[in-house]
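Shown next: start-v9.cif, containing mmCIF, C-alpha atoms and all ligand atoms.
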```
data_protein
loop_
_atom_site.label_atom_id
_atom_site.label_comp_id
_atom_site.auth_asym_id
_atom_site.auth_seq_id
_atom_site.Cartn_x
_atom_site.Cartn_y
_atom_site.Cartn_z
CA MET A 864 25.16 -10.41 -41.60
CA ARG A 865 25.45 -7.24 -43.64
CA ARG A 866 22.75 -8.43 -45.99
CA ALA A 867 20.43 -9.10 -43.06
CA ALA A 868 21.02 -5.58 -41.74
CA LEU A 869 20.25 -4.14 -45.19
CA LEU A 870 17.03 -6.17 -45.37
CA LEU A 871 16.03 -4.88 -41.95
CA LEU A 872 16.62 -1.33 -43.14
CA LEU A 873 14.51 -1.89 -46.24
CA LEU A 874 11.66 -3.51 -44.32
CA PRO A 875 10.00 -0.26 -43.13
CA LEU A 876 10.13 1.05 -46.72
CA ALA A 877 8.26 -2.01 -47.98
CA GLY A 878 5.44 -1.03 -45.63
CA CYS A 879 5.10 2.26 -47.50
CA ASP A 880 3.72 0.67 -50.64
CA GLY A 881 0.27 -0.65 -51.40
CA ILE A 882 -3.35 0.23 -50.76
CA GLN A 883 -2.65 2.46 -47.77
CA SER A 884 0.50 4.37 -48.63
CA MET A 885 1.44 8.01 -48.91
CA THR A 886 4.40 7.45 -51.25
CA GLY A 887 2.54 6.05 -54.24
CA GLY A 888 1.49 9.32 -55.87
CA ASP A 889 -1.92 7.88 -56.83
CA GLY A 890 -3.54 11.28 -56.24
CA ALA A 891 -2.35 14.72 -57.37
CA GLN A 892 -2.55 16.27 -53.88
CA GLY A 893 -0.79 13.29 -52.30
CA ALA A 894 2.05 13.49 -54.85
CA GLU A 895 2.54 17.24 -54.17
CA PHE A 896 2.56 16.59 -50.46
CA ASN A 897 5.05 13.76 -50.86
CA SER A 898 7.48 15.97 -52.82
CA LEU A 899 7.27 18.63 -50.10
CA PHE A 900 7.86 16.00 -47.42
CA THR A 901 10.95 14.73 -49.29
CA LEU A 902 12.36 18.26 -49.59
CA PHE A 903 11.83 18.85 -45.85
CA MET A 904 13.58 15.56 -45.07
CA VAL A 905 16.58 16.46 -47.27
CA VAL A 906 17.00 20.04 -45.95
CA THR A 907 16.53 19.17 -42.28
CA GLY A 908 18.64 16.00 -42.75
CA VAL A 909 21.58 18.00 -44.14
CA VAL A 910 21.36 20.50 -41.27
CA TYR A 911 21.22 17.67 -38.73
CA ILE A 912 24.25 15.92 -40.22
CA LEU A 913 26.24 19.21 -40.25
CA VAL A 914 25.40 19.96 -36.60
CA ILE A 915 26.49 16.48 -35.53
CA ALA A 916 29.66 16.73 -37.68
CA PHE A 917 30.63 20.07 -36.10
CA LEU A 918 29.96 18.68 -32.65
CA ILE A 919 32.19 15.66 -33.26
CA ALA A 920 34.91 17.88 -34.82
CA ALA A 921 34.84 20.18 -31.78
CA LEU A 922 35.10 17.26 -29.37
CA LEU A 923 38.03 15.76 -31.31
CA ARG A 924 39.87 19.08 -31.49
CA ARG A 925 39.57 19.58 -27.79
CA GLY A 926 41.16 16.16 -27.46
CA GLY A 927 40.15 15.79 -23.81
CA LYS A 928 42.42 18.67 -22.76
CA ARG A 929 41.20 21.36 -20.42
CA THR A 930 41.46 24.72 -22.09
CA ASP A 931 42.32 27.65 -19.95
CA VAL A 932 40.04 30.64 -20.46
CA ARG A 933 42.91 32.95 -19.69
CA ASP A 934 44.80 31.72 -22.77
CA ASP A 935 44.30 34.31 -25.52
CA PRO A 936 43.48 32.38 -28.74
CA GLY A 937 44.51 35.36 -30.86
CA GLU A 938 42.77 37.80 -33.15
CA GLY A 939 42.86 35.49 -36.16
CA HIS A 940 40.89 32.87 -34.25
CA GLU A 941 38.20 35.37 -33.32
CA ARG A 942 37.83 36.53 -36.93
CA GLY A 943 37.49 32.92 -38.01
CA LEU A 944 34.72 32.39 -35.46
CA THR A 945 32.82 35.46 -36.68
CA THR A 946 33.03 34.31 -40.30
CA ALA A 947 31.82 30.82 -39.37
CA LEU A 948 28.88 32.30 -37.46
CA VAL A 949 27.86 34.55 -40.36
CA VAL A 950 28.10 31.69 -42.88
CA TRP A 951 26.09 29.38 -40.62
CA THR A 952 23.34 31.99 -40.05
CA ALA A 953 23.12 32.66 -43.80
CA PHE A 954 22.90 28.92 -44.44
CA ILE A 955 20.03 28.50 -41.94
CA ALA A 956 18.21 31.53 -43.36
CA LEU A 957 18.55 30.11 -46.88
CA GLY A 958 17.22 26.70 -45.76
CA LEU A 959 14.20 28.26 -44.03
CA THR A 960 13.49 30.44 -47.08
CA VAL A 961 13.58 27.40 -49.38
CA LEU A 962 11.16 25.49 -47.11
CA THR A 963 8.79 28.48 -46.80
CA LEU A 964 8.67 29.04 -50.57
CA ALA A 965 8.25 25.31 -51.26
CA SER A 966 5.32 25.14 -48.79
CA TYR A 967 3.67 28.13 -50.47
CA PHE A 968 4.01 26.73 -54.01
CA THR A 969 2.89 23.25 -52.95
CA ASP A 970 -0.23 24.78 -51.41
CA ARG A 971 -0.89 26.72 -54.64
CA SER A 972 -0.49 23.70 -56.92
CA MET A 973 -2.69 21.56 -54.64
CA ALA A 974 -5.40 24.21 -54.92
CA ALA A 975 -4.89 24.37 -58.70
CA ALA A 976 -5.33 20.59 -59.00
CA ALA A 977 -8.76 20.95 -57.38
CA VAL A 978 -9.97 23.26 -60.15
CA PRO A 979 -10.79 21.21 -63.25
CA ALA A 980 -9.84 22.46 -66.71
CA ASN A 981 -13.29 21.69 -68.13
CA GLY A 982 -15.36 22.57 -65.06
CA GLU A 983 -16.16 18.94 -64.35
CA VAL A 984 -16.20 18.29 -60.61
CA LEU A 985 -17.78 15.64 -58.42
CA ASN A 986 -19.58 16.85 -55.29
CA ILE A 987 -19.54 14.49 -52.36
CA GLU A 988 -20.63 14.90 -48.75
CA ILE A 989 -19.13 12.71 -46.05
CA THR A 990 -20.44 12.63 -42.50
CA ALA A 991 -18.39 10.82 -39.88
CA ASN A 992 -20.12 8.87 -37.14
CA GLN A 993 -18.82 6.65 -34.37
CA TRP A 994 -17.62 4.53 -36.25
CA TRP A 995 -18.63 4.65 -39.87
CA TRP A 996 -18.72 6.97 -42.89
CA ASP A 997 -22.01 8.22 -44.33
CA ILE A 998 -21.45 9.17 -47.97
CA ARG A 999 -23.73 11.16 -50.27
CA TYR A 1000 -23.07 11.92 -53.93
CA HIS A 1001 -24.81 14.85 -55.55
CA SER A 1002 -25.32 14.87 -59.29
CA PRO A 1003 -23.99 18.01 -61.08
CA THR A 1004 -27.51 19.49 -61.11
CA HIS A 1005 -28.13 18.44 -57.48
CA THR A 1006 -31.37 16.81 -58.64
CA GLU A 1007 -30.22 13.31 -57.80
CA THR A 1008 -28.42 12.09 -54.73
CA ILE A 1009 -27.12 8.64 -53.97
CA ARG A 1010 -26.21 7.48 -50.52
CA THR A 1011 -23.77 4.78 -49.49
CA ALA A 1012 -21.62 3.91 -46.49
CA ASN A 1013 -17.96 3.14 -45.91
CA GLU A 1014 -17.26 2.87 -49.62
CA LEU A 1015 -16.09 5.68 -51.86
CA HIS A 1016 -16.00 5.42 -55.65
CA LEU A 1017 -14.09 8.04 -57.64
CA PRO A 1018 -13.62 8.45 -61.39
CA VAL A 1019 -9.95 8.79 -62.40
CA GLY A 1020 -8.84 12.25 -63.54
CA ILE A 1021 -11.92 14.10 -62.25
CA PRO A 1022 -11.50 16.30 -59.17
CA ALA A 1023 -13.74 15.42 -56.26
CA HIS A 1024 -14.79 18.15 -53.86
CA ILE A 1025 -15.73 16.56 -50.55
CA GLN A 1026 -17.57 18.36 -47.76
CA LEU A 1027 -16.80 16.90 -44.36
CA ARG A 1028 -19.05 16.85 -41.31
CA SER A 1029 -19.28 14.98 -38.04
CA THR A 1030 -22.28 14.10 -35.92
CA ASP A 1031 -20.49 13.28 -32.68
CA VAL A 1032 -16.74 13.70 -32.04
CA ILE A 1033 -13.74 14.80 -34.10
CA HIS A 1034 -12.70 12.31 -36.77
CA SER A 1035 -10.12 12.65 -39.52
CA PHE A 1036 -10.57 11.70 -43.16
CA TRP A 1037 -7.43 10.14 -44.60
CA VAL A 1038 -6.86 8.26 -47.84
CA PRO A 1039 -3.03 8.36 -47.86
CA ASN A 1040 -2.69 7.25 -51.49
CA LEU A 1041 -4.68 10.28 -52.64
CA ALA A 1042 -4.11 13.20 -50.25
CA GLY A 1043 -3.31 14.34 -46.74
CA LYS A 1044 -5.67 14.35 -43.75
CA GLN A 1045 -8.61 16.61 -43.01
CA ASP A 1046 -10.55 16.70 -39.74
CA LEU A 1047 -14.32 16.28 -39.46
CA ILE A 1048 -15.45 18.50 -36.59
CA PRO A 1049 -18.92 18.60 -35.01
CA GLY A 1050 -20.77 21.85 -35.81
CA ARG A 1051 -18.25 22.88 -38.45
CA LEU A 1052 -18.07 22.36 -42.20
CA ASN A 1053 -14.69 21.33 -43.57
CA ASP A 1054 -13.66 20.17 -47.01
CA ILE A 1055 -10.97 18.38 -48.97
CA ASP A 1056 -10.19 18.06 -52.67
CA LEU A 1057 -9.00 14.85 -54.30
CA LEU A 1058 -7.73 14.32 -57.82
CA PRO A 1059 -7.07 10.59 -58.37
CA ARG A 1060 -4.42 9.97 -61.05
CA ARG A 1061 -4.46 6.16 -61.20
CA THR A 1062 -7.19 3.54 -60.99
CA GLY A 1063 -7.02 1.06 -58.14
CA LEU A 1064 -8.34 -0.03 -54.78
CA PHE A 1065 -7.17 1.98 -51.79
CA ARG A 1066 -7.87 2.04 -48.09
CA GLY A 1067 -8.89 5.10 -46.12
CA GLN A 1068 -8.68 5.22 -42.36
CA CYS A 1069 -9.98 7.56 -39.68
CA ALA A 1070 -6.83 9.30 -38.45
CA GLU A 1071 -8.05 10.95 -35.25
CA PHE A 1072 -8.74 8.89 -32.13
CA CYS A 1073 -12.53 8.91 -31.84
CA GLY A 1074 -13.35 6.19 -29.33
CA ALA A 1075 -12.89 2.49 -28.68
CA GLN A 1076 -13.47 1.43 -32.31
CA HIS A 1077 -11.39 4.17 -33.94
CA ALA A 1078 -9.20 1.53 -35.61
CA HIS A 1079 -12.33 -0.08 -37.09
CA MET A 1080 -13.30 3.05 -38.99
CA ALA A 1081 -11.93 2.31 -42.43
CA LEU A 1082 -13.09 3.22 -45.88
CA ASP A 1083 -12.83 1.23 -49.12
CA VAL A 1084 -11.85 3.55 -51.96
CA THR A 1085 -12.23 2.48 -55.59
CA VAL A 1086 -10.74 4.71 -58.28
CA GLU A 1087 -12.10 3.56 -61.62
CA SER A 1088 -12.57 4.64 -65.24
CA ARG A 1089 -15.30 7.17 -65.97
CA ASP A 1090 -17.45 4.50 -67.63
CA ALA A 1091 -17.12 2.14 -64.70
CA PHE A 1092 -17.95 5.00 -62.34
CA ARG A 1093 -21.06 5.93 -64.33
CA ALA A 1094 -22.21 2.30 -64.30
CA TRP A 1095 -21.66 2.16 -60.54
CA TRP A 1096 -23.62 5.40 -60.08
CA ARG A 1097 -26.57 4.09 -62.12
CA GLN A 1098 -26.63 0.86 -60.15
CA GLN A 1099 -26.46 2.72 -56.78
CA ALA A 1100 -29.27 5.05 -57.82
CA GLU A 1101 -31.65 2.11 -58.32
CA PRO A 1102 -34.08 1.33 -55.51
CA ALA A 1103 -33.76 -2.05 -53.78
CA LYS A 1104 -35.18 -5.03 -55.64
CA THR A 1105 -38.15 -6.88 -54.21
CA PRO A 1106 -37.00 -10.34 -53.04
CA THR A 1107 -38.13 -13.34 -55.06
CA THR A 1108 -37.50 -16.34 -52.80
CA PRO A 1109 -39.75 -17.14 -49.80
CA LEU A 1110 -36.77 -17.07 -47.41
CA ALA A 1111 -35.61 -13.63 -48.61
CA MET A 1112 -39.22 -12.42 -48.51
CA ALA A 1113 -39.45 -13.53 -44.86
CA GLY A 1114 -36.27 -11.56 -44.20
CA TYR A 1115 -37.72 -8.53 -45.95
CA ASN A 1116 -40.82 -8.69 -43.73
CA TYR A 1117 -38.70 -9.03 -40.62
CA VAL A 1118 -36.54 -6.00 -41.54
CA MET A 1119 -39.62 -3.87 -42.28
CA GLN A 1120 -41.56 -4.83 -39.16
CA ARG A 1121 -38.82 -4.93 -36.57
CA GLU A 1122 -36.07 -2.64 -35.24
CA CYS A 1123 -33.93 -2.63 -38.41
CA SER A 1124 -36.04 -0.15 -40.40
CA VAL A 1125 -36.00 2.44 -37.58
CA CYS A 1126 -32.28 3.09 -38.07
CA HIS A 1127 -31.47 1.88 -41.60
CA ASN A 1128 -32.64 3.18 -44.95
CA ILE A 1129 -33.40 0.85 -47.86
CA SER A 1130 -34.57 2.89 -50.85
CA GLY A 1131 -37.84 1.80 -52.38
CA THR A 1132 -39.04 0.16 -49.16
CA GLY A 1133 -40.62 1.30 -45.90
CA ALA A 1134 -37.22 1.34 -44.17
CA THR A 1135 -36.32 5.02 -43.96
CA GLY A 1136 -34.11 5.32 -40.88
CA GLN A 1137 -31.27 7.81 -41.30
CA VAL A 1138 -29.02 7.24 -38.29
CA ALA A 1139 -27.30 4.05 -39.49
CA PRO A 1140 -25.60 2.98 -42.73
CA ASP A 1141 -27.83 2.93 -45.83
CA LEU A 1142 -28.44 -0.72 -46.77
CA THR A 1143 -29.97 -0.25 -50.24
CA HIS A 1144 -26.94 -1.88 -51.94
CA VAL A 1145 -25.13 -3.26 -48.92
CA ALA A 1146 -24.27 -6.60 -50.57
CA SER A 1147 -22.44 -4.79 -53.38
CA ARG A 1148 -19.87 -3.40 -50.94
CA LYS A 1149 -16.44 -4.81 -50.24
CA SER A 1150 -16.69 -4.87 -46.47
CA LEU A 1151 -18.99 -4.74 -43.48
CA ALA A 1152 -18.94 -2.45 -40.42
CA ALA A 1153 -16.50 0.11 -41.90
CA GLY A 1154 -13.83 -2.30 -43.04
CA THR A 1155 -14.09 -4.56 -39.98
CA LEU A 1156 -15.14 -7.69 -41.90
CA PRO A 1157 -14.95 -8.60 -45.59
CA MET A 1158 -18.37 -8.85 -47.25
CA GLY A 1159 -19.71 -12.41 -47.34
CA ARG A 1160 -22.47 -14.67 -46.11
CA GLY A 1161 -20.59 -15.91 -43.04
CA GLN A 1162 -19.66 -12.36 -42.03
CA LEU A 1163 -23.27 -11.17 -42.45
CA TYR A 1164 -24.34 -13.94 -40.08
CA ALA A 1165 -21.61 -13.03 -37.59
CA TRP A 1166 -22.44 -9.31 -37.70
CA ILE A 1167 -26.23 -9.59 -37.35
CA ALA A 1168 -26.10 -12.34 -34.72
CA ASP A 1169 -23.68 -10.46 -32.48
CA PRO A 1170 -22.63 -6.98 -33.62
CA GLN A 1171 -21.27 -6.17 -30.16
CA GLY A 1172 -19.00 -9.22 -30.27
CA VAL A 1173 -17.49 -8.09 -33.59
CA LYS A 1174 -17.22 -4.37 -32.80
CA PRO A 1175 -17.88 -3.67 -29.10
CA GLY A 1176 -19.46 -0.31 -28.32
CA ASN A 1177 -20.98 0.39 -31.73
CA ASN A 1178 -24.60 1.56 -32.00
CA MET A 1179 -26.01 -1.61 -33.56
CA PRO A 1180 -27.82 -3.42 -30.72
CA TYR A 1181 -28.00 -7.13 -30.06
CA ILE A 1182 -31.39 -8.09 -31.46
CA GLY A 1183 -31.57 -11.76 -30.47
CA LEU A 1184 -33.00 -13.24 -33.65
CA GLU A 1185 -34.22 -16.82 -33.74
CA PRO A 1186 -32.12 -19.01 -36.10
CA GLN A 1187 -34.88 -19.03 -38.74
CA GLU A 1188 -35.14 -15.22 -38.57
CA LEU A 1189 -31.37 -14.89 -38.90
CA HIS A 1190 -31.35 -17.11 -42.02
CA ALA A 1191 -34.14 -15.01 -43.51
CA VAL A 1192 -32.56 -11.61 -42.79
CA VAL A 1193 -29.18 -12.70 -44.22
CA ALA A 1194 -30.92 -14.10 -47.32
CA TYR A 1195 -32.68 -10.76 -47.79
CA LEU A 1196 -29.54 -8.63 -47.27
CA GLU A 1197 -27.71 -10.78 -49.83
CA THR A 1198 -30.26 -9.69 -52.46
CA LEU A 1199 -29.37 -6.01 -51.87
CA LYS A 1200 -26.71 -5.85 -54.55
CU1 LIG A 1301 -13.28 8.20 -36.36
CU2 LIG A 1301 -11.17 7.74 -35.41
#
```

Do you think you could lay out the structure here as structure tokens?
Ligand code: CUA
Amino acid sequence: MRRAALLLLLLPLAGCDGIQSMTGGDGAQGAEFNSLFTLFMVVTGVVYILVIAFLIAALLRRGGKRTDVRDDPGEGHERGLTTALVVWTAFIALGLTVLTLASYFTDRSMAAAAVPANGEVLNIEITANQWWWDIRYHSPTHTETIRTANELHLPVGIPAHIQLRSTDVIHSFWVPNLAGKQDLIPGRLNDIDLLPRRTGLFRGQCAEFCGAQHAHMALDVTVESRDAFRAWWRQQAEPAKTPTTPLAMAGYNYVMQRECSVCHNISGTGATGQVAPDLTHVASRKSLAAGTLPMGRGQLYAWIADPQGVKPGNNMPYIGLEPQELHAVVAYLETLK
């Protein structure tokens, strides 16, 4: 029985570990924030326990008896009360001072982590849309930009400075393993700094209710070695390959001639739409529709055939492709690695 109770107590803690967790310390800012959170929990926890203890002690001392206000408790009692009050006030003041100073120093060290020792910093721009993330990477010289969607790659140990924008409503950027939250507000430029300390796959999630599909606004985050990141960058900077099979070629023609190319961009082709996710390397991503479906042939079919069935209310319309057209479009998208 006792063991079962202990297991139940541990269960919520088990939920704190993994790809979407703020206790892992996978990012410098997240680790700082976690230490501050722990200190707040300890200080406020001690105060709470003391208040409850004093309350219980007072109730027990009274022992259910009615005290008469006319009874004079004596001078000694009054002096004792004054001392207790002074000690308690000093204790509260000390606790608040500790928390204030800790907040200040945490803020300073988070800002320091954003400034690299060797000046190396990655500049990224993220625009939130209902309900997906538009991501642009700028090369250090700003001569080259790559664009992707719903998937963030970061090199370990290099600070990333991310500018945050929104095109419609307020969203919130949150990768709990790496740092705290930051809002993306229409008409306003915000930013956040990340310094990943460990490689791994993490999950980001929009953390501000932004409409019916708010929960389906996730972000795959890959923290990798510098070499792996450079290789990824080079591959993302390539234009889309021209399809080689007749079926994929038919899909290519469909995408270029029909609605798709009005909204989506595919570098190196005539599709230059900017209002929907960039599809240049869509098949290289881990998921579809901002983390709604894992990437795969079956999911591509499901998404293109009925995007409103998968994620009701999103901006991708029902196109009504004939089966042969659907086969062709999926075959083409699968070549966009
Ligand atoms: Cu975007 Cu919630």

**OP:** Within 12 Å of A:His1034, counting all atoms listed in the file, which residues show up once you throw out same-chain ones fewer than 5 positions away? Write them as a VMD selection string, please.
**Re:** chain A and resid 989 to 996 1027 to 1029 1044 to 1049 1053 1068 to 1074 1076 to 1078 1080 to 1081

Original post:
Of the residues A:Leu923, A:Val961, A:Cys1123, A:Ala891, which is the one nearest to A:Val905, using only C-alpha atoms?
Top reply: A:Val961

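Minimum atom-to-atom distances from A:Asp997, A:Glu983, A:Glu988, A:Asp889 to ligand LIG 1301 (chain A) were compared using only C-alpha atoms and all ligand atoms, and the lowest value belongs to A:Asp997.
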
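Separating atom CA of A:Val1145 from atom CA of A:Gly1043 is a distance of 28.1 Å.
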
Original post:
Expressed in Å to a single decimal, how great is the separation between atom CA of A:Arg1010 and atom CA of A:Asp1141?
Top reply: 6.7 Å

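Nearest-residue note for A:Ala1100: choosing from A:Gln1137, A:Thr1008, A:Thr946, A:Gln1187, the minimum distance belongs to A:Thr1008, counting all atoms listed in the file.
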
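Take atom CA of A:Ala1165 and atom CA of A:Arg1148: the distance between them is 16.6 Å.
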
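Selection around (-10.2, 11.6, -60.9) with radius 8 Å, counting only C-alpha atoms, yields the residues A:Leu1017, A:Pro1018, A:Val1019, A:Gly1020, A:Ile1021, A:Pro1022, A:Ala1023, A:Leu1057, A:Leu1058, A:Pro1059, A:Arg1060, A:Arg1061, A:Val1086.
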
Store the residues picked out above in a file with C-alpha atoms, as a PDB file, in the coordinates of the input.
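Result file result.pdb:
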```pdb
ATOM      1  CA  LEU A1017     -14.090   8.040 -57.640  1.00  0.00           C
ATOM      2  CA  PRO A1018     -13.620   8.450 -61.390  1.00  0.00           C
ATOM      3  CA  VAL A1019      -9.950   8.790 -62.400  1.00  0.00           C
ATOM      4  CA  GLY A1020      -8.840  12.250 -63.540  1.00  0.00           C
ATOM      5  CA  ILE A1021     -11.920  14.100 -62.250  1.00  0.00           C
ATOM      6  CA  PRO A1022     -11.500  16.300 -59.170  1.00  0.00           C
ATOM      7  CA  ALA A1023     -13.740  15.420 -56.260  1.00  0.00           C
ATOM      8  CA  LEU A1057      -9.000  14.850 -54.300  1.00  0.00           C
ATOM      9  CA  LEU A1058      -7.730  14.320 -57.820  1.00  0.00           C
ATOM     10  CA  PRO A1059      -7.070  10.590 -58.370  1.00  0.00           C
ATOM     11  CA  ARG A1060      -4.420   9.970 -61.050  1.00  0.00           C
ATOM     12  CA  ARG A1061      -4.460   6.160 -61.200  1.00  0.00           C
ATOM     13  CA  VAL A1086     -10.740   4.710 -58.280  1.00  0.00           C
TER      14      VAL A1086
END
```

**OP:** Identify the residues around (-28.4, -13.1, -46.2) within a radius of 12 Å, measuring from only C-alpha atoms in the coordinates stated by the file, and give them as number ranges by chain.
**Re:** A: 1106, 1108, 1110-1115, 1118, 1145-1146, 1158-1168, 1187-1200

Take every atom of stretch 1183-1196 of chain A listed in the file, pad by 3 Å on each side, and give me the axis-aligned box centre and edge lengths in Å, one decimal, as lines of an AutoDock Vina configuration file.
```
center_x = -32.2
center_y = -13.8
center_z = -39.1
size_x = 12.0
size_y = 16.4
size_z = 23.3
```

Provide stretch 962-987 of chain A rebuilt to N, CA and C atoms, formatted as a short mmCIF file (atom, residue, chain, number, x, y, z; two decimals), in the coordinates of the input.
```cif
data_model
loop_
_atom_site.label_atom_id
_atom_site.label_comp_id
_atom_site.auth_asym_id
_atom_site.auth_seq_id
_atom_site.Cartn_x
_atom_site.Cartn_y
_atom_site.Cartn_z
N LEU A 962 12.30 26.26 -47.63
CA LEU A 962 11.16 25.49 -47.11
C LEU A 962 9.87 26.32 -47.14
N THR A 963 9.98 27.61 -46.81
CA THR A 963 8.79 28.48 -46.80
C THR A 963 8.23 28.61 -48.22
N LEU A 964 9.12 28.88 -49.18
CA LEU A 964 8.67 29.04 -50.57
C LEU A 964 8.08 27.74 -51.10
N ALA A 965 8.75 26.61 -50.79
CA ALA A 965 8.25 25.31 -51.26
C ALA A 965 6.86 25.03 -50.70
N SER A 966 6.64 25.36 -49.40
CA SER A 966 5.32 25.14 -48.79
C SER A 966 4.26 25.97 -49.51
N TYR A 967 4.62 27.22 -49.81
CA TYR A 967 3.67 28.13 -50.47
C TYR A 967 3.29 27.57 -51.85
N PHE A 968 4.30 27.19 -52.64
CA PHE A 968 4.01 26.73 -54.01
C PHE A 968 3.30 25.38 -54.01
N THR A 969 3.61 24.53 -53.04
CA THR A 969 2.89 23.25 -52.95
C THR A 969 1.41 23.51 -52.66
N ASP A 970 1.15 24.43 -51.75
CA ASP A 970 -0.23 24.78 -51.41
C ASP A 970 -0.96 25.30 -52.65
N ARG A 971 -0.27 26.16 -53.43
CA ARG A 971 -0.89 26.72 -54.64
C ARG A 971 -1.20 25.62 -55.65
N SER A 972 -0.23 24.71 -55.88
CA SER A 972 -0.49 23.70 -56.92
C SER A 972 -1.52 22.67 -56.46
N MET A 973 -1.63 22.45 -55.12
CA MET A 973 -2.69 21.56 -54.64
C MET A 973 -4.06 22.19 -54.89
N ALA A 974 -4.13 23.51 -54.67
CA ALA A 974 -5.40 24.21 -54.92
C ALA A 974 -5.71 24.21 -56.41
N ALA A 975 -4.67 24.35 -57.25
CA ALA A 975 -4.89 24.37 -58.70
C ALA A 975 -5.40 23.02 -59.19
N ALA A 976 -4.90 21.93 -58.58
CA ALA A 976 -5.33 20.59 -59.00
C ALA A 976 -6.81 20.37 -58.71
N ALA A 977 -7.35 21.12 -57.75
CA ALA A 977 -8.76 20.95 -57.38
C ALA A 977 -9.70 21.65 -58.36
N VAL A 978 -9.13 22.53 -59.19
CA VAL A 978 -9.97 23.26 -60.15
C VAL A 978 -9.83 22.58 -61.51
N PRO A 979 -10.89 21.95 -62.00
CA PRO A 979 -10.79 21.21 -63.25
C PRO A 979 -10.70 22.14 -64.46
N ALA A 980 -10.00 21.67 -65.50
CA ALA A 980 -9.84 22.46 -66.71
C ALA A 980 -11.18 22.66 -67.42
N ASN A 981 -12.03 21.61 -67.38
CA ASN A 981 -13.29 21.69 -68.13
C ASN A 981 -14.50 21.91 -67.21
N GLY A 982 -14.25 22.27 -65.97
CA GLY A 982 -15.36 22.57 -65.06
C GLY A 982 -16.04 21.35 -64.48
N GLU A 983 -15.52 20.16 -64.83
CA GLU A 983 -16.16 18.94 -64.35
C GLU A 983 -15.69 18.65 -62.92
N VAL A 984 -16.59 18.59 -61.98
CA VAL A 984 -16.20 18.29 -60.61
C VAL A 984 -17.29 17.46 -59.93
N LEU A 985 -16.85 16.54 -59.10
CA LEU A 985 -17.78 15.64 -58.42
C LEU A 985 -18.02 16.18 -57.01
N ASN A 986 -19.27 16.34 -56.63
CA ASN A 986 -19.58 16.85 -55.29
C ASN A 986 -20.02 15.73 -54.37
N ILE A 987 -19.27 15.58 -53.30
CA ILE A 987 -19.54 14.49 -52.36
C ILE A 987 -19.63 15.08 -50.95
#
```
